[in-house]
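File shown here: data-v4.txt, holding compact mmCIF, C-alpha atoms.
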# COMPACT_ATOMS: atom_id res chain seq x y z
CA MET A 19 -39.98 -16.88 -68.19
CA LYS A 20 -40.83 -17.42 -64.51
CA LYS A 21 -43.21 -14.85 -63.07
CA ILE A 22 -41.81 -13.35 -59.86
CA ARG A 23 -44.38 -12.99 -57.11
CA ASN A 24 -43.53 -10.20 -54.72
CA THR A 25 -45.71 -11.17 -51.75
CA ILE A 26 -44.35 -12.97 -48.70
CA VAL A 27 -46.79 -14.24 -46.09
CA PHE A 28 -45.95 -14.59 -42.41
CA ALA A 29 -48.10 -16.79 -40.17
CA GLY A 30 -48.15 -17.10 -36.40
CA GLY A 31 -49.46 -15.63 -33.22
CA GLY A 32 -51.33 -16.21 -30.02
CA THR A 33 -48.54 -14.71 -27.91
CA GLY A 34 -45.89 -12.05 -28.32
CA GLY A 35 -43.37 -14.90 -28.35
CA HIS A 36 -44.69 -15.98 -31.72
CA ILE A 37 -45.05 -12.45 -33.09
CA TYR A 38 -42.01 -10.35 -32.13
CA PRO A 39 -39.43 -12.75 -33.68
CA GLY A 40 -41.48 -12.91 -36.87
CA LEU A 41 -41.58 -9.12 -37.03
CA ALA A 42 -37.79 -9.09 -36.64
CA VAL A 43 -37.51 -11.37 -39.68
CA ALA A 44 -39.99 -9.22 -41.61
CA ASP A 45 -37.84 -6.14 -40.96
CA GLU A 46 -34.75 -7.94 -42.23
CA VAL A 47 -36.55 -9.24 -45.35
CA ARG A 48 -37.66 -5.71 -46.16
CA ALA A 49 -34.10 -4.43 -45.65
CA ILE A 50 -32.72 -7.01 -48.09
CA ALA A 51 -35.42 -6.18 -50.63
CA SER A 52 -34.63 -2.48 -50.33
CA LYS A 53 -30.92 -3.11 -51.02
CA ASN A 54 -31.90 -5.06 -54.12
CA ASN A 55 -34.45 -2.47 -55.29
CA GLN A 56 -37.11 -5.16 -55.00
CA GLU A 57 -40.64 -4.09 -54.16
CA ILE A 58 -42.31 -6.56 -51.83
CA LYS A 59 -45.55 -6.90 -49.91
CA ILE A 60 -45.56 -8.56 -46.51
CA VAL A 61 -48.86 -9.97 -45.26
CA TRP A 62 -49.38 -11.49 -41.81
CA LEU A 63 -51.94 -14.21 -41.12
CA GLY A 64 -52.75 -14.26 -37.41
CA ASN A 65 -55.40 -14.94 -34.84
CA SER A 66 -58.61 -13.07 -35.59
CA GLY A 67 -59.02 -12.56 -31.84
CA GLY A 68 -56.54 -11.62 -29.13
CA MET A 69 -53.44 -9.47 -29.32
CA ASP A 70 -52.17 -10.42 -32.78
CA LYS A 71 -53.75 -7.66 -34.83
CA ASN A 72 -52.64 -4.78 -32.58
CA LEU A 73 -49.07 -6.02 -32.19
CA VAL A 74 -48.59 -6.61 -35.90
CA GLU A 75 -50.26 -3.45 -37.17
CA ASN A 76 -48.53 -1.22 -34.61
CA SER A 77 -45.11 -2.62 -35.53
CA GLY A 78 -44.92 -0.92 -38.93
CA SER A 79 -43.18 -4.05 -40.25
CA VAL A 80 -46.10 -5.49 -42.20
CA ASP A 81 -48.25 -4.13 -45.02
CA GLU A 82 -51.42 -6.02 -44.15
CA PHE A 83 -52.81 -8.15 -41.33
CA ILE A 84 -55.45 -10.76 -42.10
CA GLY A 85 -57.17 -12.50 -39.20
CA ILE A 86 -58.09 -16.17 -39.43
CA PRO A 87 -60.05 -18.37 -37.00
CA SER A 88 -57.76 -20.22 -34.62
CA GLY A 89 -58.29 -23.32 -32.52
CA LYS A 90 -55.97 -25.12 -30.13
CA LEU A 91 -55.27 -28.79 -29.48
CA ARG A 92 -54.73 -29.04 -25.73
CA ARG A 93 -52.60 -31.68 -24.00
CA TYR A 94 -55.43 -32.44 -21.57
CA PHE A 95 -59.11 -33.32 -21.83
CA SER A 96 -61.31 -30.35 -22.54
CA PHE A 97 -64.61 -29.96 -24.36
CA LYS A 98 -62.97 -27.00 -26.10
CA ASN A 99 -60.86 -29.51 -28.02
CA PHE A 100 -64.03 -30.55 -29.87
CA SER A 101 -65.36 -27.06 -30.53
CA ASP A 102 -61.92 -25.87 -31.61
CA LEU A 103 -61.87 -28.48 -34.38
CA PHE A 104 -64.46 -26.35 -36.18
CA LYS A 105 -62.29 -23.25 -35.71
CA ILE A 106 -59.29 -25.11 -37.12
CA PHE A 107 -61.31 -26.19 -40.14
CA ALA A 108 -62.58 -22.62 -40.63
CA GLY A 109 -59.00 -21.38 -40.37
CA LEU A 110 -57.90 -23.87 -43.01
CA VAL A 111 -60.65 -22.78 -45.41
CA LYS A 112 -59.89 -19.08 -44.96
CA SER A 113 -56.14 -19.69 -45.26
CA PHE A 114 -56.61 -21.61 -48.49
CA PHE A 115 -58.64 -18.92 -50.23
CA THR A 116 -56.49 -16.11 -48.82
CA LEU A 117 -53.29 -17.71 -50.11
CA LEU A 118 -54.98 -18.55 -53.40
CA LYS A 119 -55.74 -14.84 -53.85
CA LEU A 120 -52.37 -13.53 -52.63
CA LYS A 121 -50.23 -16.08 -54.51
CA PRO A 122 -47.22 -15.49 -52.24
CA ALA A 123 -43.73 -16.60 -53.19
CA VAL A 124 -43.09 -18.02 -49.71
CA LEU A 125 -44.91 -18.62 -46.44
CA PHE A 126 -42.87 -18.20 -43.25
CA SER A 127 -44.36 -19.63 -40.07
CA LYS A 128 -43.29 -18.40 -36.64
CA GLY A 129 -45.42 -20.87 -34.77
CA GLY A 130 -48.44 -21.00 -32.55
CA PHE A 131 -51.55 -22.98 -33.41
CA VAL A 132 -52.81 -20.24 -35.73
CA SER A 133 -49.87 -21.03 -38.04
CA VAL A 134 -50.89 -24.62 -38.73
CA PRO A 135 -53.85 -24.03 -41.11
CA PRO A 136 -51.84 -21.63 -43.32
CA CYS A 137 -48.99 -24.16 -43.55
CA VAL A 138 -51.42 -26.92 -44.56
CA ALA A 139 -53.10 -24.67 -47.13
CA ALA A 140 -49.73 -23.56 -48.52
CA LYS A 141 -48.70 -27.17 -49.05
CA PHE A 142 -51.88 -27.83 -51.03
CA LEU A 143 -51.15 -24.75 -53.14
CA ARG A 144 -47.48 -25.71 -53.63
CA ILE A 145 -46.23 -22.61 -51.85
CA PRO A 146 -42.84 -23.16 -50.16
CA VAL A 147 -43.15 -23.24 -46.36
CA PHE A 148 -40.44 -22.32 -43.84
CA THR A 149 -41.23 -22.89 -40.18
CA HIS A 150 -39.16 -21.70 -37.22
CA GLU A 151 -38.93 -23.15 -33.71
CA CYS A 152 -37.57 -20.85 -31.02
CA ASP A 153 -37.51 -23.31 -28.12
CA PHE A 154 -34.96 -26.01 -27.36
CA THR A 155 -37.53 -28.74 -28.02
CA PRO A 156 -40.11 -28.45 -30.82
CA GLY A 157 -43.69 -27.74 -29.87
CA LEU A 158 -46.75 -29.42 -31.32
CA ALA A 159 -47.34 -26.67 -33.87
CA THR A 160 -43.79 -27.04 -35.21
CA ARG A 161 -44.10 -30.83 -35.33
CA LEU A 162 -47.28 -30.45 -37.37
CA ASN A 163 -45.87 -27.71 -39.61
CA SER A 164 -42.71 -29.72 -40.27
CA LYS A 165 -44.81 -32.18 -42.27
CA PHE A 166 -45.48 -29.42 -44.82
CA ALA A 167 -42.22 -27.47 -44.59
CA THR A 168 -39.52 -27.01 -47.20
CA LYS A 169 -37.10 -26.15 -44.38
CA ILE A 170 -37.36 -26.38 -40.59
CA LEU A 171 -35.43 -23.55 -38.94
CA VAL A 172 -34.28 -24.17 -35.36
CA SER A 173 -32.55 -22.09 -32.69
CA TYR A 174 -30.29 -24.83 -31.30
CA ASP A 175 -28.26 -27.51 -33.02
CA GLU A 176 -29.45 -29.98 -30.36
CA THR A 177 -33.08 -29.41 -31.41
CA LYS A 178 -32.56 -31.47 -34.57
CA ALA A 179 -32.36 -34.64 -32.48
CA TYR A 180 -35.97 -34.06 -31.31
CA LEU A 181 -37.33 -33.96 -34.86
CA PRO A 182 -38.55 -37.13 -36.63
CA SER A 183 -35.60 -38.86 -38.31
CA ASP A 184 -37.02 -38.25 -41.78
CA LYS A 185 -37.30 -34.48 -41.11
CA ARG A 186 -33.81 -33.81 -39.74
CA GLU A 187 -32.23 -33.27 -43.15
CA LYS A 188 -34.61 -30.33 -43.60
CA ALA A 189 -33.40 -28.63 -40.40
CA VAL A 190 -31.23 -25.50 -40.53
CA VAL A 191 -29.76 -23.98 -37.36
CA THR A 192 -30.38 -20.23 -37.41
CA GLY A 193 -30.64 -19.13 -33.78
CA ASN A 194 -33.65 -17.28 -32.45
CA PRO A 195 -34.54 -13.99 -34.20
CA VAL A 196 -34.32 -10.88 -32.05
CA ARG A 197 -35.66 -7.46 -32.98
CA PRO A 198 -33.01 -5.27 -34.70
CA VAL A 199 -33.27 -2.59 -31.99
CA PHE A 200 -31.50 -4.95 -29.58
CA TYR A 201 -28.32 -4.63 -31.63
CA ASN A 202 -28.19 -0.86 -31.23
CA THR A 203 -28.97 -0.08 -27.60
CA ASN A 204 -28.11 2.79 -25.29
CA PRO A 205 -27.73 1.90 -21.59
CA GLU A 206 -27.80 5.56 -20.58
CA GLU A 207 -31.16 5.99 -22.29
CA GLY A 208 -32.40 3.00 -20.33
CA LYS A 209 -31.24 4.54 -17.03
CA ASN A 210 -32.78 7.86 -17.97
CA PHE A 211 -36.13 6.18 -18.69
CA LEU A 212 -36.06 4.28 -15.39
CA PHE A 213 -34.53 6.68 -12.93
CA SER A 214 -34.62 10.30 -14.15
CA GLU A 215 -37.64 11.19 -12.03
CA ARG A 216 -36.60 9.23 -8.94
CA SER A 217 -34.18 10.38 -6.24
CA ASP A 218 -33.82 6.89 -4.69
CA TYR A 219 -31.71 5.41 -7.50
CA ASN A 220 -28.32 4.39 -6.09
CA PRO A 221 -25.61 4.16 -8.79
CA GLU A 222 -23.41 2.20 -6.36
CA LYS A 223 -25.82 -0.74 -6.44
CA PRO A 224 -26.25 -3.10 -9.42
CA ILE A 225 -29.51 -3.00 -11.36
CA LEU A 226 -31.68 -6.11 -11.03
CA LEU A 227 -34.25 -6.32 -13.81
CA VAL A 228 -37.22 -8.58 -13.06
CA LEU A 229 -39.22 -9.75 -16.08
CA GLY A 230 -42.33 -11.85 -16.40
CA GLY A 231 -43.56 -11.15 -19.90
CA SER A 232 -46.36 -8.80 -20.96
CA LEU A 233 -48.87 -10.43 -18.59
CA GLY A 234 -46.36 -10.90 -15.79
CA ALA A 235 -45.42 -14.00 -13.79
CA HIS A 236 -47.36 -14.28 -10.54
CA GLN A 237 -44.84 -16.65 -8.96
CA ILE A 238 -41.95 -14.25 -9.58
CA ASN A 239 -44.03 -11.27 -8.47
CA GLU A 240 -44.77 -12.98 -5.16
CA LEU A 241 -41.08 -13.75 -4.61
CA VAL A 242 -40.21 -10.10 -5.20
CA VAL A 243 -42.84 -8.87 -2.73
CA GLN A 244 -41.81 -11.40 -0.07
CA ASN A 245 -38.16 -10.36 -0.32
CA LEU A 246 -38.49 -6.71 -1.30
CA ASP A 247 -36.55 -5.23 1.62
CA TRP A 248 -33.69 -7.71 1.14
CA LEU A 249 -33.61 -7.05 -2.60
CA CYS A 250 -33.68 -3.27 -2.30
CA GLU A 251 -30.81 -3.30 0.20
CA ARG A 252 -28.60 -4.86 -2.47
CA PHE A 253 -30.04 -3.78 -5.81
CA ASN A 254 -31.91 -1.12 -7.68
CA VAL A 255 -34.92 -3.36 -8.39
CA VAL A 256 -36.61 -2.69 -11.74
CA HIS A 257 -39.73 -4.82 -11.98
CA GLN A 258 -41.95 -5.35 -15.01
CA CYS A 259 -44.78 -7.02 -13.13
CA GLY A 260 -47.38 -7.42 -15.89
CA ALA A 261 -50.87 -6.00 -16.09
CA LYS A 262 -52.61 -8.62 -13.94
CA ASP A 263 -50.70 -7.94 -10.72
CA ALA A 264 -49.94 -4.24 -11.21
CA ASP A 265 -52.58 -2.93 -8.79
CA SER A 266 -51.51 -5.25 -5.96
CA MET A 267 -47.77 -4.52 -6.12
CA PRO A 268 -46.01 -2.29 -3.52
CA LYS A 269 -45.91 1.42 -4.23
CA ASN A 270 -43.45 4.11 -3.12
CA HIS A 271 -40.75 1.73 -1.85
CA ASP A 272 -37.23 3.17 -2.00
CA GLY A 273 -35.07 1.39 -4.53
CA TYR A 274 -38.04 -0.33 -6.19
CA PHE A 275 -39.00 0.80 -9.68
CA LEU A 276 -42.29 -0.75 -10.80
CA HIS A 277 -43.58 -0.90 -14.38
CA PRO A 278 -46.64 -2.91 -15.47
CA PHE A 279 -45.20 -3.24 -18.98
CA ILE A 280 -42.22 -1.93 -20.95
CA TYR A 281 -42.07 -2.29 -24.73
CA LYS A 282 -40.39 0.42 -26.78
CA GLU A 283 -37.74 1.12 -24.15
CA MET A 284 -37.09 -2.54 -23.27
CA CYS A 285 -33.93 -2.88 -25.36
CA ASP A 286 -32.29 0.04 -23.53
CA VAL A 287 -33.63 -1.14 -20.17
CA ILE A 288 -32.10 -4.61 -20.57
CA SER A 289 -28.85 -3.09 -21.79
CA CYS A 290 -28.47 -1.06 -18.57
CA ALA A 291 -29.30 -3.99 -16.28
CA ASP A 292 -26.56 -5.90 -14.47
CA ILE A 293 -28.62 -9.03 -13.74
CA VAL A 294 -31.93 -10.30 -15.12
CA LEU A 295 -34.41 -12.36 -13.10
CA SER A 296 -36.91 -13.89 -15.49
CA ARG A 297 -38.97 -16.75 -16.79
CA ALA A 298 -37.24 -18.72 -19.53
CA GLY A 299 -39.31 -17.86 -22.58
CA ALA A 300 -37.18 -18.12 -25.70
CA ASN A 301 -37.50 -14.47 -26.73
CA SER A 302 -36.58 -12.98 -23.36
CA ILE A 303 -33.51 -15.12 -22.82
CA TRP A 304 -32.21 -14.60 -26.36
CA GLU A 305 -32.70 -10.83 -26.06
CA CYS A 306 -30.68 -10.98 -22.85
CA SER A 307 -28.06 -13.11 -24.60
CA VAL A 308 -27.65 -10.58 -27.42
CA LEU A 309 -26.94 -7.95 -24.74
CA GLY A 310 -24.68 -10.26 -22.73
CA LYS A 311 -26.74 -10.36 -19.55
CA PRO A 312 -26.29 -12.94 -16.76
CA MET A 313 -29.59 -14.44 -15.71
CA VAL A 314 -31.42 -16.09 -12.83
CA LEU A 315 -34.19 -18.09 -14.48
CA ILE A 316 -37.39 -19.44 -12.94
CA PRO A 317 -38.91 -21.43 -15.82
CA LEU A 318 -42.61 -22.10 -16.05
CA CYS A 319 -43.14 -25.78 -15.27
CA GLY A 320 -45.74 -28.29 -14.15
CA SER A 321 -49.18 -29.07 -15.53
CA GLY A 322 -50.37 -26.99 -18.45
CA THR A 323 -46.89 -26.59 -19.93
CA ARG A 324 -44.86 -28.92 -22.12
CA GLY A 325 -41.64 -28.04 -20.34
CA ASP A 326 -40.15 -25.88 -23.09
CA GLN A 327 -39.02 -23.20 -20.65
CA VAL A 328 -37.30 -25.82 -18.50
CA ASP A 329 -35.33 -27.05 -21.51
CA ASN A 330 -34.42 -23.47 -22.52
CA ALA A 331 -33.27 -22.65 -18.99
CA HIS A 332 -31.15 -25.77 -18.60
CA PHE A 333 -29.36 -25.06 -21.88
CA PHE A 334 -28.36 -21.58 -20.71
CA GLU A 335 -27.35 -22.94 -17.30
CA GLU A 336 -25.17 -25.65 -18.86
CA LYS A 337 -23.42 -22.96 -20.90
CA GLY A 338 -22.68 -20.95 -17.76
CA ALA A 339 -24.96 -18.04 -18.65
CA ALA A 340 -27.64 -18.53 -15.99
CA ILE A 341 -28.62 -19.96 -12.65
CA VAL A 342 -31.88 -21.93 -12.75
CA LEU A 343 -34.39 -22.22 -9.90
CA LEU A 344 -36.79 -25.01 -10.79
CA GLY A 345 -39.84 -26.34 -8.98
CA GLU A 346 -39.29 -26.55 -5.23
CA TYR A 347 -36.08 -24.52 -5.57
CA ALA A 348 -38.00 -21.47 -6.78
CA GLU A 349 -38.36 -20.13 -3.25
CA GLU A 350 -36.94 -17.48 -0.96
CA SER A 351 -33.70 -19.03 0.29
CA TYR A 352 -32.57 -20.31 -3.11
CA LEU A 353 -33.41 -17.00 -4.76
CA LYS A 354 -31.26 -15.15 -2.25
CA SER A 355 -28.43 -17.63 -2.71
CA ALA A 356 -28.53 -17.27 -6.52
CA LEU A 357 -28.55 -13.47 -6.36
CA GLU A 358 -25.74 -13.43 -3.83
CA ARG A 359 -23.64 -15.41 -6.28
CA MET A 360 -24.49 -12.84 -8.93
CA LEU A 361 -23.27 -10.07 -6.60
CA ASP A 362 -19.77 -11.49 -6.99
CA PRO A 363 -18.31 -9.36 -9.84
CA GLU A 364 -16.12 -12.18 -11.17
CA PHE A 365 -18.97 -14.70 -11.26
CA ARG A 366 -21.31 -12.15 -12.85
CA GLU A 367 -18.78 -11.13 -15.50
CA ASN A 368 -18.12 -14.74 -16.47
CA ALA A 369 -21.86 -15.42 -16.80
CA ALA A 370 -22.21 -12.28 -18.91
CA VAL A 371 -19.42 -13.42 -21.25
CA GLN A 372 -20.98 -16.87 -21.62
CA SER A 373 -24.39 -15.33 -22.25
CA LYS A 374 -23.04 -13.08 -24.99
CA SER A 375 -21.13 -15.94 -26.64
CA LEU A 376 -24.36 -17.86 -27.30
CA SER A 377 -25.63 -15.20 -29.72
CA GLU A 378 -22.42 -14.14 -31.45
CA GLY A 379 -22.19 -14.31 -35.22
CA LYS A 380 -24.69 -13.34 -37.87
CA ARG A 381 -28.03 -12.11 -36.57
CA PRO A 382 -30.59 -14.96 -36.60
CA ALA A 383 -33.30 -12.71 -38.07
CA GLN A 384 -30.95 -11.69 -40.87
CA LYS A 385 -29.94 -15.30 -41.54
CA ILE A 386 -33.57 -16.42 -41.72
CA ALA A 387 -34.49 -13.46 -43.91
CA GLU A 388 -31.75 -14.36 -46.38
CA ILE A 389 -33.06 -17.94 -46.60
CA VAL A 390 -36.64 -16.74 -47.14
CA TYR A 391 -35.67 -14.03 -49.62
CA GLU A 392 -33.46 -16.38 -51.64
CA LYS A 393 -36.31 -18.84 -52.00
CA ALA A 394 -38.73 -16.09 -53.00
CA PHE A 395 -36.58 -14.20 -55.50
CA GLY A 396 -33.35 -16.09 -56.07
CA GLU A 397 -34.59 -19.05 -58.03
Could you express the structure from this file as structure tokens?
Amino acid sequence: MKKIRNTIVFAGGGTGGHIYPGLAVADEVRAIASKNNQEIKIVWLGNSGGMDKNLVENSGSVDEFIGIPSGKLRRYFSFKNFSDLFKIFAGLVKSFFTLLKLKPAVLFSKGGFVSVPPCVAAKFLRIPVFTHECDFTPGLATRLNSKFATKILVSYDETKAYLPSDKREKAVVTGNPVRPVFYNTNPEEGKNFLFSERSDYNPEKPILLVLGGSLGAHQINELVVQNLDWLCERFNVVHQCGAKDADSMPKNHDGYFLHPFIYKEMCDVISCADIVLSRAGANSIWECSVLGKPMVLIPLCGSGTRGDQVDNAHFFEEKGAAIVLLGEYAEESYLKSALERMLDPEFRENAAVQSKSLSEGKRPAQKIAEIVYEKAFGE
């Protein structure tokens, strides 16, 4: 009789973009297990330095966090590429002995370079590996992990064409996992959080939500400051500016609602917004899609990036859900033009409908959880 192992290991980290979707899947796996009266243990292998430990442990989704050394293979010359080889090797050794001790039924990778050593170690130990790619085009970590994966889970059907031909039959289109709280939002709670203590909120104006991730986006922050009077004449401007620029942002400007970072309330905040101005990170745009929000996207591009945000943004633009300002077009006059188009109720409503349509159907996190759980306990 086959011995059922009740541990599932998640691997990934380095940024919130590799952690929050994985936590969404972990929540759904636990929910399925609870329905089936199955006791499980969820362990997360993440970066031993950085934000990983705090984000994972504070989520309440995981039973144990184990830090492993993490290196990075950069797309440009750097002496750190050589020193990081030792970190990668150390990560592989620790992953191997950690997995050997845990004996998990499945390893689920959410990406980031910290996920590669656990995927390699799992392959050696004959532990099934599932890896998920959130972006339109697969990153280096996913391309490496796909060599060891039982299944490659992707957010877009078009992503399969970017995989090696011998790996495409392993690909399953799931969408990008979004935290369960985004499916049960309250716009009034969002407005209460943002505006209850401010007398300058104007309910006759649409709400423009400006996002740049947890650290902020300096380019977007500068555009907001340069055009603040123009923006506040037309919108209630809610701006998550990030920790780096928080001290230098304007204070006490009517119609401008500044927040260095929003986490717990973000689902309700997005739900009450009329328009979102943002980078094009996979998590942010899929969260906005779940809530049917029209977007103006300024993707990160140029040196130091592989262009994943550009690909994400173009996909949403082609579907009619967003306006994209790329490169030289990410400047004052084009920003005003894009937002003026969004002020047209008919245009905005159509973009909202198209945005919502991209995430309709079964929740991606639930779909992925069912695949993982079936492999762990259904065979």
Report task. List every protein, DNA or RNA residue that has at least one atom no more than 6 Å from (-28.9, -5.5, -6.9) in the file's coordinates, counting all atoms listed in the file, and write the result as a list of chain:residue names. Result -> A:Lys223, A:Pro224, A:Ile225, A:Leu226, A:Arg252, A:Phe253, A:Asn254
Could you please give me, as a PDB file with C-alpha atoms, in the frame of the given file, the residues of protein, DNA or RNA lying at most 9 Å from (-25.7, -2.9, -29.2) in the coordinate frame of the file, considering all atoms listed in the file?
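And here's selection-v7.pdb as it stands now:
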ATOM      1  CA  VAL A 199     -33.270  -2.590 -31.990  1.00  0.00           C
ATOM      2  CA  PHE A 200     -31.500  -4.950 -29.580  1.00  0.00           C
ATOM      3  CA  TYR A 201     -28.320  -4.630 -31.630  1.00  0.00           C
ATOM      4  CA  ASN A 202     -28.190  -0.860 -31.230  1.00  0.00           C
ATOM      5  CA  THR A 203     -28.970  -0.080 -27.600  1.00  0.00           C
ATOM      6  CA  ASN A 204     -28.110   2.790 -25.290  1.00  0.00           C
ATOM      7  CA  SER A 289     -28.850  -3.090 -21.790  1.00  0.00           C
ATOM      8  CA  VAL A 308     -27.650 -10.580 -27.420  1.00  0.00           C
ATOM      9  CA  LEU A 309     -26.940  -7.950 -24.740  1.00  0.00           C
TER      10      LEU A 309
END
Each range 355-397 of chain A residue no farther than 12 Å from range 163-181 of chain A, nearest pair in Å, all atoms listed in the file, as JSON lines:
{"residue": "A:Leu376", "atom": "CA", "partner": "A:Tyr174", "partner_atom": "CA", "distance": 10.0}
{"residue": "A:Ser377", "atom": "CA", "partner": "A:Ser173", "partner_atom": "CA", "distance": 10.2}
{"residue": "A:Arg381", "atom": "CA", "partner": "A:Ser173", "partner_atom": "CA", "distance": 11.6}
{"residue": "A:Pro382", "atom": "CA", "partner": "A:Ser173", "partner_atom": "CA", "distance": 8.4}
{"residue": "A:Ala383", "atom": "CA", "partner": "A:Ser173", "partner_atom": "CA", "distance": 10.8}
{"residue": "A:Lys385", "atom": "CA", "partner": "A:Leu171", "partner_atom": "CA", "distance": 10.2}
{"residue": "A:Ile386", "atom": "CA", "partner": "A:Leu171", "partner_atom": "CA", "distance": 7.9}
{"residue": "A:Ala387", "atom": "CA", "partner": "A:Leu171", "partner_atom": "CA", "distance": 11.3}
{"residue": "A:Ile389", "atom": "CA", "partner": "A:Lys169", "partner_atom": "CA", "distance": 9.4}
{"residue": "A:Val390", "atom": "CA", "partner": "A:Lys169", "partner_atom": "CA", "distance": 9.8}
{"residue": "A:Lys393", "atom": "CA", "partner": "A:Thr168", "partner_atom": "CA", "distance": 10.0}
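Between Leu315 in chain A and the candidates A:Ala29, A:Ala348, A:Val371, A:Val342, the tightest atom-to-atom separation, counting all atoms listed in the file, involves A:Val342.
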Report task. Please provide as a list in words all residues within 9 Å of range 39-41 of chain A, with the sequence filter that same-chain residues fewer than 6 positions apart are discarded (counting all atoms listed in the file). Result ->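 In the requested format, the answer is Phe28, Ala29, Gly30, Val74, Ser77, Ser79, Val80, Phe126, Ser127, Lys128, Cys152, Asn194, Pro195, Val196, Arg197, Asn301 and Ala383 of chain A.
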Quick one: write out the picked residues with C-alpha atoms as a compact mmCIF listing (two decimals), keeping the file's coordinate frame?
# COMPACT_ATOMS: atom_id res chain seq x y z
CA PHE A 28 -45.95 -14.59 -42.41
CA ALA A 29 -48.10 -16.79 -40.17
CA GLY A 30 -48.15 -17.10 -36.40
CA VAL A 74 -48.59 -6.61 -35.90
CA SER A 77 -45.11 -2.62 -35.53
CA SER A 79 -43.18 -4.05 -40.25
CA VAL A 80 -46.10 -5.49 -42.20
CA PHE A 126 -42.87 -18.20 -43.25
CA SER A 127 -44.36 -19.63 -40.07
CA LYS A 128 -43.29 -18.40 -36.64
CA CYS A 152 -37.57 -20.85 -31.02
CA ASN A 194 -33.65 -17.28 -32.45
CA PRO A 195 -34.54 -13.99 -34.20
CA VAL A 196 -34.32 -10.88 -32.05
CA ARG A 197 -35.66 -7.46 -32.98
CA ASN A 301 -37.50 -14.47 -26.73
CA ALA A 383 -33.30 -12.71 -38.07
Requested in this report: Select, from A:His277, A:Lys59, A:Arg161, A:His150, the residue with the minimum atom-to-atom distance to Val190 in chain A, counting all atoms listed in the file.
Outcome: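 Under the stated criterion, the closest residue is A:His150.
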Where does range 304-342 of chain A meet range 353-362 of chain A within 10 Å, residue by residue, with the nearest atom pair and distance in Å to one decimal for each, counting only C-alpha atoms, listed by chain and rising number, as a Markdown table?
| residue | atom | partner | partner_atom | distance |
| --- | --- | --- | --- | --- |
| A:Pro312 | CA | A:Met360 | CA | 8.0 |
| A:Met313 | CA | A:Met360 | CA | 8.6 |
| A:Val314 | CA | A:Ala356 | CA | 7.0 |
| A:Leu315 | CA | A:Ala356 | CA | 9.8 |
| A:Ile316 | CA | A:Leu353 | CA | 9.4 |
| A:Ala340 | CA | A:Ala356 | CA | 9.6 |
| A:Ile341 | CA | A:Ala356 | CA | 6.7 |
| A:Val342 | CA | A:Ala356 | CA | 8.5 |
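CA of Leu162 in chain A is positioned 15.1 Å from CA of Gly109 in chain A.
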If we count all atoms listed in the file, what is near Ser66 in chain A at a cut-off of 12 Å, once residues fewer than 2 positions away on the same chain are taken out, given as a short mmCIF file (atom, residue, chain, number, x, y, z; two decimals) with C-alpha atoms, in the coordinates of the input?
data_model
loop_
_atom_site.label_atom_id
_atom_site.label_comp_id
_atom_site.auth_asym_id
_atom_site.auth_seq_id
_atom_site.Cartn_x
_atom_site.Cartn_y
_atom_site.Cartn_z
CA GLY A 30 -48.15 -17.10 -36.40
CA GLY A 31 -49.46 -15.63 -33.22
CA GLY A 32 -51.33 -16.21 -30.02
CA TRP A 62 -49.38 -11.49 -41.81
CA LEU A 63 -51.94 -14.21 -41.12
CA GLY A 64 -52.75 -14.26 -37.41
CA GLY A 68 -56.54 -11.62 -29.13
CA MET A 69 -53.44 -9.47 -29.32
CA ASP A 70 -52.17 -10.42 -32.78
CA LYS A 71 -53.75 -7.66 -34.83
CA ASN A 72 -52.64 -4.78 -32.58
CA VAL A 74 -48.59 -6.61 -35.90
CA PHE A 83 -52.81 -8.15 -41.33
CA ILE A 84 -55.45 -10.76 -42.10
CA GLY A 85 -57.17 -12.50 -39.20
CA ILE A 86 -58.09 -16.17 -39.43
CA PRO A 87 -60.05 -18.37 -37.00
CA SER A 88 -57.76 -20.22 -34.62
CA GLY A 89 -58.29 -23.32 -32.52
CA LYS A 105 -62.29 -23.25 -35.71
CA ALA A 108 -62.58 -22.62 -40.63
CA GLY A 109 -59.00 -21.38 -40.37
CA LYS A 112 -59.89 -19.08 -44.96
CA SER A 113 -56.14 -19.69 -45.26
CA VAL A 132 -52.81 -20.24 -35.73
#
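As for CA of Ser296 in chain A and CA of His257 in chain A, they are spaced 10.1 Å apart.
As for CA of Val228 in chain A and CA of Glu75 in chain A, they are spaced 27.9 Å apart.
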Query raised in the report: Which one of A:Tyr281, A:Leu120, A:Leu343, A:Arg297 sits closest to Asn76 in chain A if you count only C-alpha atoms?
Result: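 Looking at the shortest contact to Asn76 in chain A, the residue is A:Tyr281.
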Query raised in the report: From the list A:Gln56, A:Gln327, A:Asn239, A:Thr33, which residue is nearest Asp263 in chain A when using all atoms listed in the file?
Result: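 Answer, going by the shortest atom-to-atom distance: A:Asn239.
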Query - Gly325 in chain A environment, 12 Å, all atoms listed in the file, sequence neighbours closer than 3 positions dropped, as number ranges by chain - result: A: 153-157, 298-299, 317-322, 328-332, 344-345
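Nearest to Lys141 in chain A of all the residues A:Leu118, A:Gly396, A:Lys311, A:Tyr38 is A:Leu118, counting all atoms listed in the file.
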Query raised in the report: Between A:Val27, A:Gly338, A:Gly379, A:Ala49, which one has atoms that come closest to Asp81 in chain A, using only C-alpha atoms?
Result: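 Of A:Val27, A:Gly338, A:Gly379, A:Ala49, the one nearest Asp81 in chain A, counting only C-alpha atoms, is A:Val27.
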